[in-house]
file upload_4.cif (mmCIF, C-alpha atoms)
data_data
#
loop_
_atom_site.label_atom_id
_atom_site.label_comp_id
_atom_site.auth_asym_id
_atom_site.auth_seq_id
_atom_site.Cartn_x
_atom_site.Cartn_y
_atom_site.Cartn_z
CA MET A 1 -19.81 48.50 -84.87
CA THR A 2 -19.94 46.79 -88.20
CA GLY A 3 -16.99 46.36 -90.53
CA PRO A 4 -18.06 49.13 -92.93
CA VAL A 5 -18.61 51.59 -90.08
CA LEU A 6 -15.18 50.79 -88.64
CA PHE A 7 -13.61 51.15 -92.08
CA LEU A 8 -15.29 54.50 -92.72
CA THR A 9 -14.38 55.68 -89.23
CA PHE A 10 -10.76 54.80 -89.95
CA VAL A 11 -10.81 56.75 -93.23
CA ILE A 12 -12.37 59.81 -91.58
CA VAL A 13 -10.05 59.78 -88.55
CA GLN A 14 -7.04 59.24 -90.80
CA ARG A 15 -7.97 62.26 -92.93
CA LEU A 16 -8.57 64.45 -89.85
CA VAL A 17 -5.22 63.47 -88.35
CA GLU A 18 -3.53 64.18 -91.67
CA LEU A 19 -5.18 67.60 -91.82
CA ALA A 20 -3.83 68.37 -88.34
CA ILE A 21 -0.34 67.25 -89.37
CA ALA A 22 -0.58 69.26 -92.58
CA ARG A 23 -1.73 72.36 -90.72
CA HIS A 24 1.15 72.03 -88.23
CA ASN A 25 3.67 71.53 -91.04
CA THR A 26 2.23 74.43 -93.06
CA VAL A 27 2.56 76.86 -90.15
CA ARG A 28 6.09 75.64 -89.45
CA LEU A 29 7.15 75.87 -93.11
CA LEU A 30 5.68 79.36 -93.57
CA SER A 31 7.49 80.52 -90.43
CA ARG A 32 10.74 79.32 -92.05
CA GLY A 33 10.11 81.47 -95.12
CA ALA A 34 8.31 78.99 -97.35
CA VAL A 35 5.76 80.30 -99.83
CA GLU A 36 2.34 78.90 -100.69
CA HIS A 37 1.40 78.49 -104.35
CA GLY A 38 -1.93 77.63 -105.96
CA ALA A 39 -4.02 78.49 -102.92
CA ALA A 40 -7.03 79.41 -105.07
CA HIS A 41 -7.73 75.79 -106.03
CA TYR A 42 -7.28 74.36 -102.51
CA PRO A 43 -10.98 74.75 -101.53
CA ALA A 44 -11.94 72.65 -104.57
CA ILE A 45 -9.63 69.86 -103.40
CA VAL A 46 -11.12 69.99 -99.91
CA ALA A 47 -14.68 69.97 -101.30
CA LEU A 48 -13.89 67.00 -103.53
CA HIS A 49 -12.52 64.96 -100.62
CA ILE A 50 -15.44 65.88 -98.35
CA ALA A 51 -17.94 64.89 -101.05
CA TRP A 52 -16.04 61.63 -101.70
CA ILE A 53 -16.08 60.65 -98.03
CA GLY A 54 -19.69 61.81 -97.70
CA ALA A 55 -20.77 59.63 -100.62
CA MET A 56 -19.08 56.60 -99.05
CA VAL A 57 -20.73 57.27 -95.69
CA VAL A 58 -24.21 57.78 -97.17
CA TRP A 59 -24.16 54.85 -99.59
CA GLY A 60 -21.61 52.49 -98.06
CA TRP A 61 -22.09 52.37 -94.30
CA ASP A 62 -24.10 49.14 -94.49
CA GLU A 63 -22.37 47.48 -97.44
CA PRO A 64 -20.25 44.38 -96.86
CA LEU A 65 -16.49 44.82 -97.06
CA ARG A 66 -14.83 43.45 -100.18
CA LEU A 67 -11.69 41.81 -98.80
CA PRO A 68 -9.53 41.95 -101.97
CA TRP A 69 -10.18 45.70 -102.19
CA LEU A 70 -9.50 46.04 -98.46
CA ALA A 71 -6.13 44.36 -99.02
CA ALA A 72 -5.38 46.84 -101.83
CA PHE A 73 -6.40 49.68 -99.51
CA ALA A 74 -4.03 48.35 -96.82
CA ILE A 75 -1.15 48.32 -99.31
CA LEU A 76 -1.95 51.91 -100.25
CA GLN A 77 -1.76 52.88 -96.57
CA VAL A 78 1.78 51.51 -96.39
CA LEU A 79 2.69 53.57 -99.45
CA ARG A 80 0.96 56.64 -97.95
CA VAL A 81 3.01 56.32 -94.76
CA TRP A 82 6.19 55.90 -96.84
CA VAL A 83 5.49 59.20 -98.63
CA LEU A 84 4.61 61.04 -95.40
CA VAL A 85 7.66 59.75 -93.54
CA THR A 86 9.93 60.57 -96.48
CA LEU A 87 8.68 64.17 -96.63
CA GLY A 88 8.52 64.51 -92.84
CA GLY A 89 7.94 68.12 -91.84
CA ARG A 90 7.69 69.14 -95.49
CA TRP A 91 4.47 67.16 -96.09
CA THR A 92 1.33 69.24 -96.31
CA THR A 93 -1.96 69.24 -98.21
CA ARG A 94 -1.08 72.58 -99.78
CA ILE A 95 1.65 73.55 -102.22
CA ILE A 96 4.23 75.01 -99.86
CA VAL A 97 7.69 75.60 -101.32
CA LEU A 98 10.73 76.00 -99.14
CA ASN A 99 13.97 77.33 -100.58
CA GLU A 100 15.79 74.05 -100.03
CA PRO A 101 16.65 71.15 -102.32
CA LEU A 102 13.70 68.96 -103.21
CA VAL A 103 13.28 65.59 -101.55
CA SER A 104 14.73 62.95 -103.87
CA ARG A 105 14.81 59.83 -101.69
CA GLY A 106 12.25 57.14 -100.93
CA PRO A 107 9.34 57.01 -103.38
CA PHE A 108 10.51 60.28 -104.96
CA ARG A 109 13.37 58.28 -106.56
CA ILE A 110 10.76 56.25 -108.43
CA ILE A 111 8.04 58.69 -109.53
CA PRO A 112 7.77 62.49 -109.48
CA HIS A 113 4.56 62.83 -107.45
CA PRO A 114 4.17 59.72 -105.27
CA ASN A 115 1.66 61.35 -102.93
CA TYR A 116 -0.67 62.09 -105.84
CA ALA A 117 -0.22 58.55 -107.15
CA VAL A 118 -1.36 57.21 -103.77
CA VAL A 119 -4.29 59.64 -103.60
CA ILE A 120 -5.39 58.74 -107.14
CA ALA A 121 -5.36 55.07 -106.22
CA GLU A 122 -7.13 55.70 -102.90
CA ILE A 123 -9.92 57.69 -104.53
CA ALA A 124 -10.62 54.65 -106.71
CA VAL A 125 -9.89 51.80 -104.28
CA THR A 126 -11.49 53.07 -101.06
CA PRO A 127 -15.09 53.10 -102.37
CA MET A 128 -14.50 49.69 -103.96
CA VAL A 129 -13.94 48.27 -100.46
CA LEU A 130 -17.65 49.02 -100.00
CA GLY A 131 -18.69 47.96 -103.51
CA LEU A 132 -19.40 51.56 -104.57
CA THR A 133 -18.21 51.34 -108.15
CA TRP A 134 -20.03 54.50 -109.22
CA VAL A 135 -18.38 56.51 -106.41
CA ALA A 136 -14.98 55.17 -107.45
CA ILE A 137 -15.54 56.11 -111.10
CA LEU A 138 -17.13 59.51 -110.49
CA PHE A 139 -14.56 60.74 -107.99
CA THR A 140 -11.62 59.25 -109.91
CA VAL A 141 -12.67 61.30 -112.94
CA LEU A 142 -13.24 64.47 -110.87
CA ASN A 143 -9.99 63.99 -108.97
CA ALA A 144 -8.03 63.36 -112.19
CA ALA A 145 -9.45 66.54 -113.73
CA LEU A 146 -8.47 68.58 -110.67
CA LEU A 147 -5.04 67.00 -110.22
CA PHE A 148 -3.91 66.87 -113.84
CA GLY A 149 -5.69 70.02 -114.95
CA VAL A 150 -4.81 72.30 -112.03
CA ARG A 151 -2.92 70.91 -109.05
CA ILE A 152 0.06 69.08 -110.56
CA PRO A 153 0.79 71.83 -113.12
CA ALA A 154 0.66 74.43 -110.31
CA GLU A 155 3.01 72.35 -108.18
CA ASN A 156 5.38 71.74 -111.08
CA ARG A 157 5.56 75.47 -111.78
CA ALA A 158 6.19 76.21 -108.09
CA LEU A 159 8.90 73.55 -107.77
CA ALA A 160 10.60 74.23 -111.12
CA GLN A 161 12.88 76.85 -109.63
CA TYR A 162 14.20 74.39 -107.04
CA ARG A 163 14.92 71.39 -109.28
CA THR A 164 18.59 70.61 -109.54
#

call {"tool": "encode", "arguments": {"input": "upload_4.cif", "output": "structure tokens"}}
result
Amino acid sequence: MTGPVLFLTFVIVQRLVELAIARHNTVRLLSRGAVEHGAAHYPAIVALHIAWIGAMVVWGWDEPLRLPWLAAFAILQVLRVWVLVTLGGRWTTRIIVLNEPLVSRGPFRIIPHPNYAVVIAEIAVTPMVLGLTWVAILFTVLNAALLFGVRIPAENRALAQYRT
């Protein structure tokens, strides 16, 4: 396999594994009495990510890897793991609120939504590994509109009652 194919395979497998983890955590959290918020916009988030990955596969599978961008991507993966490990069983791709104190350690000490910060950066950086500037720009704009216009406000409203 070529470098771009391996890279894209990694991104796809990573996202599928994360979806499995998220699904497991969602079921577990709901069984503990957690409540989902903002479910109506979740399909739009899924569609955006599928289209983003699809665009990279269609237009980037035979592009050379840009090593500086690959290094930035690798750093983002470390940050992604930090967020996931910090949240542990509370990490999910949905807005699931458990009646327990919010996580305030790890990256949550630094910024309010570290997972979204990583995703915002990934949406921009990942296509740049393949030289797909237009994919980075288009999906960064679409992702920002969805996150800042819908997702983050919905999550802030859902979490407001649990902030101490």

call {"tool": "closest_residue", "arguments": {"input": "upload_4.cif", "among": "A:Val57, A:Val81, A:Leu67, A:Val97", "to": "A:Gln14", "atoms": "all atoms listed in the file"}}
result
A:Val81

call {"tool": "residues_around", "arguments": {"input": "upload_4.cif", "residues": "stretch 142-157 of chain A", "least_positions_apart": "6", "cutoff": "8 Å", "atoms": "only C-alpha atoms", "output": "NGL selection string"}}
result
:A and (37-38 or 41 or 45 or 48 or 95 or 116 or 120 or 123)

call {"tool": "resolve_selection", "arguments": {"input": "upload_4.cif", "expression": "the PyMOL selection byres ((chain A and resi 102) around 12)", "output": "MDAnalysis selection string"}}
result
chainID A and resid 86:87 90:91 96:101 103:105 108:109 112:113 156 158:164

call {"tool": "residues_around", "arguments": {"input": "upload_4.cif", "residues": "A:Leu70", "least_positions_apart": "3", "cutoff": "9 Å", "atoms": "only C-alpha atoms", "output": "list in words"}}
result
Leu65, Arg66, Leu67, Phe73, Ala74, Ile75, Val125, Thr126, Met128, Val129 and Leu130 of chain A

call {"tool": "closest_residue", "arguments": {"input": "upload_4.cif", "among": "A:Leu8, A:Ala72, A:Arg80, A:Ile137", "to": "A:Val58", "atoms": "only C-alpha atoms"}}
result
A:Leu8

call {"tool": "atom_distance", "arguments": {"input": "upload_4.cif", "atom1": "atom CA of A:Glu122", "atom2": "atom CA of A:Leu76"}}
result
6.9 Å

call {"tool": "resolve_selection", "arguments": {"input": "upload_4.cif", "expression": "the PyMOL selection byres ((chain A and resi 15) around 12)", "output": "ChimeraX atom specification"}}
result
/A:8-14,16-22,46,49-50,52-53,77,80,93,119,122

call {"tool": "axis_aligned_box", "arguments": {"input": "upload_4.cif", "around": "stretch 73-84 of chain A", "padding_each_side": "3 Å", "output": "lines of an AutoDock Vina configuration file"}}
result
center_x = -0.1
center_y = 54.7
center_z = -97.5
size_x = 18.6
size_y = 18.7
size_z = 11.5

call {"tool": "closest_residue", "arguments": {"input": "upload_4.cif", "among": "A:Ala55, A:Thr133, A:Gly3, A:Asn115", "to": "A:Arg94", "atoms": "all atoms listed in the file"}}
result
A:Asn115

call {"tool": "closest_residue", "arguments": {"input": "upload_4.cif", "among": "A:Ala40, A:Val5, A:Ile111, A:Ala47", "to": "A:Gly60", "atoms": "only C-alpha atoms"}}
result
A:Val5

call {"tool": "closest_residue", "arguments": {"input": "upload_4.cif", "among": "A:Gly106, A:Trp69, A:Thr26, A:Trp59", "to": "A:Trp134", "atoms": "only C-alpha atoms"}}
result
A:Trp59

call {"tool": "atom_distance", "arguments": {"input": "upload_4.cif", "atom1": "atom CA of A:Leu79", "atom2": "atom CA of A:Pro127"}}
result
18.0 Å

call {"tool": "atom_distance", "arguments": {"input": "upload_4.cif", "atom1": "atom CA of A:Leu138", "atom2": "atom CA of A:Pro43"}}
result
18.7 Å

call {"tool": "closest_residue", "arguments": {"input": "upload_4.cif", "among": "A:Met56, A:Leu84, A:Val27, A:Ala51", "to": "A:Pro107", "atoms": "all atoms listed in the file"}}
result
A:Leu84

call {"tool": "decode", "arguments": {"input": "upload_4.cif", "residues": "stretch 79-111 of chain A", "atoms": "C-alpha atoms", "output": "CSV table (one decimal), in the first residue's frame"}}
result
chain,number,residue,atom,x,y,z
A,79,LEU,CA,-4.2,15.4,22.1
A,80,ARG,CA,-7.2,13.3,21.0
A,81,VAL,CA,-6.1,10.4,23.1
A,82,TRP,CA,-5.6,12.8,26.1
A,83,VAL,CA,-9.2,13.9,25.8
A,84,LEU,CA,-10.6,10.4,25.4
A,85,VAL,CA,-8.5,9.0,28.3
A,86,THR,CA,-9.5,12.0,30.5
A,87,LEU,CA,-13.2,11.5,29.8
A,88,GLY,CA,-13.0,7.7,29.9
A,89,GLY,CA,-16.4,6.1,30.0
A,90,ARG,CA,-18.0,9.5,29.7
A,91,TRP,CA,-16.7,10.1,26.1
A,92,THR,CA,-19.2,9.7,23.4
A,93,THR,CA,-19.9,11.3,20.0
A,94,ARG,CA,-23.3,12.4,21.3
A,95,ILE,CA,-24.3,14.9,24.0
A,96,ILE,CA,-25.0,12.6,26.9
A,97,VAL,CA,-25.3,14.2,30.3
A,98,LEU,CA,-24.9,12.2,33.5
A,99,ASN,CA,-26.0,13.7,36.8
A,100,GLU,CA,-22.4,13.8,38.1
A,101,PRO,CA,-19.9,16.6,38.4
A,102,LEU,CA,-18.3,17.6,35.1
A,103,VAL,CA,-14.8,16.5,34.3
A,104,SER,CA,-12.4,19.3,35.2
A,105,ARG,CA,-9.0,17.6,34.9
A,106,GLY,CA,-6.6,17.1,32.0
A,107,PRO,CA,-7.3,19.3,29.0
A,108,PHE,CA,-10.6,20.4,30.5
A,109,ARG,CA,-8.5,22.5,33.0
A,110,ILE,CA,-7.2,24.5,30.0
A,111,ILE,CA,-10.1,25.0,27.6
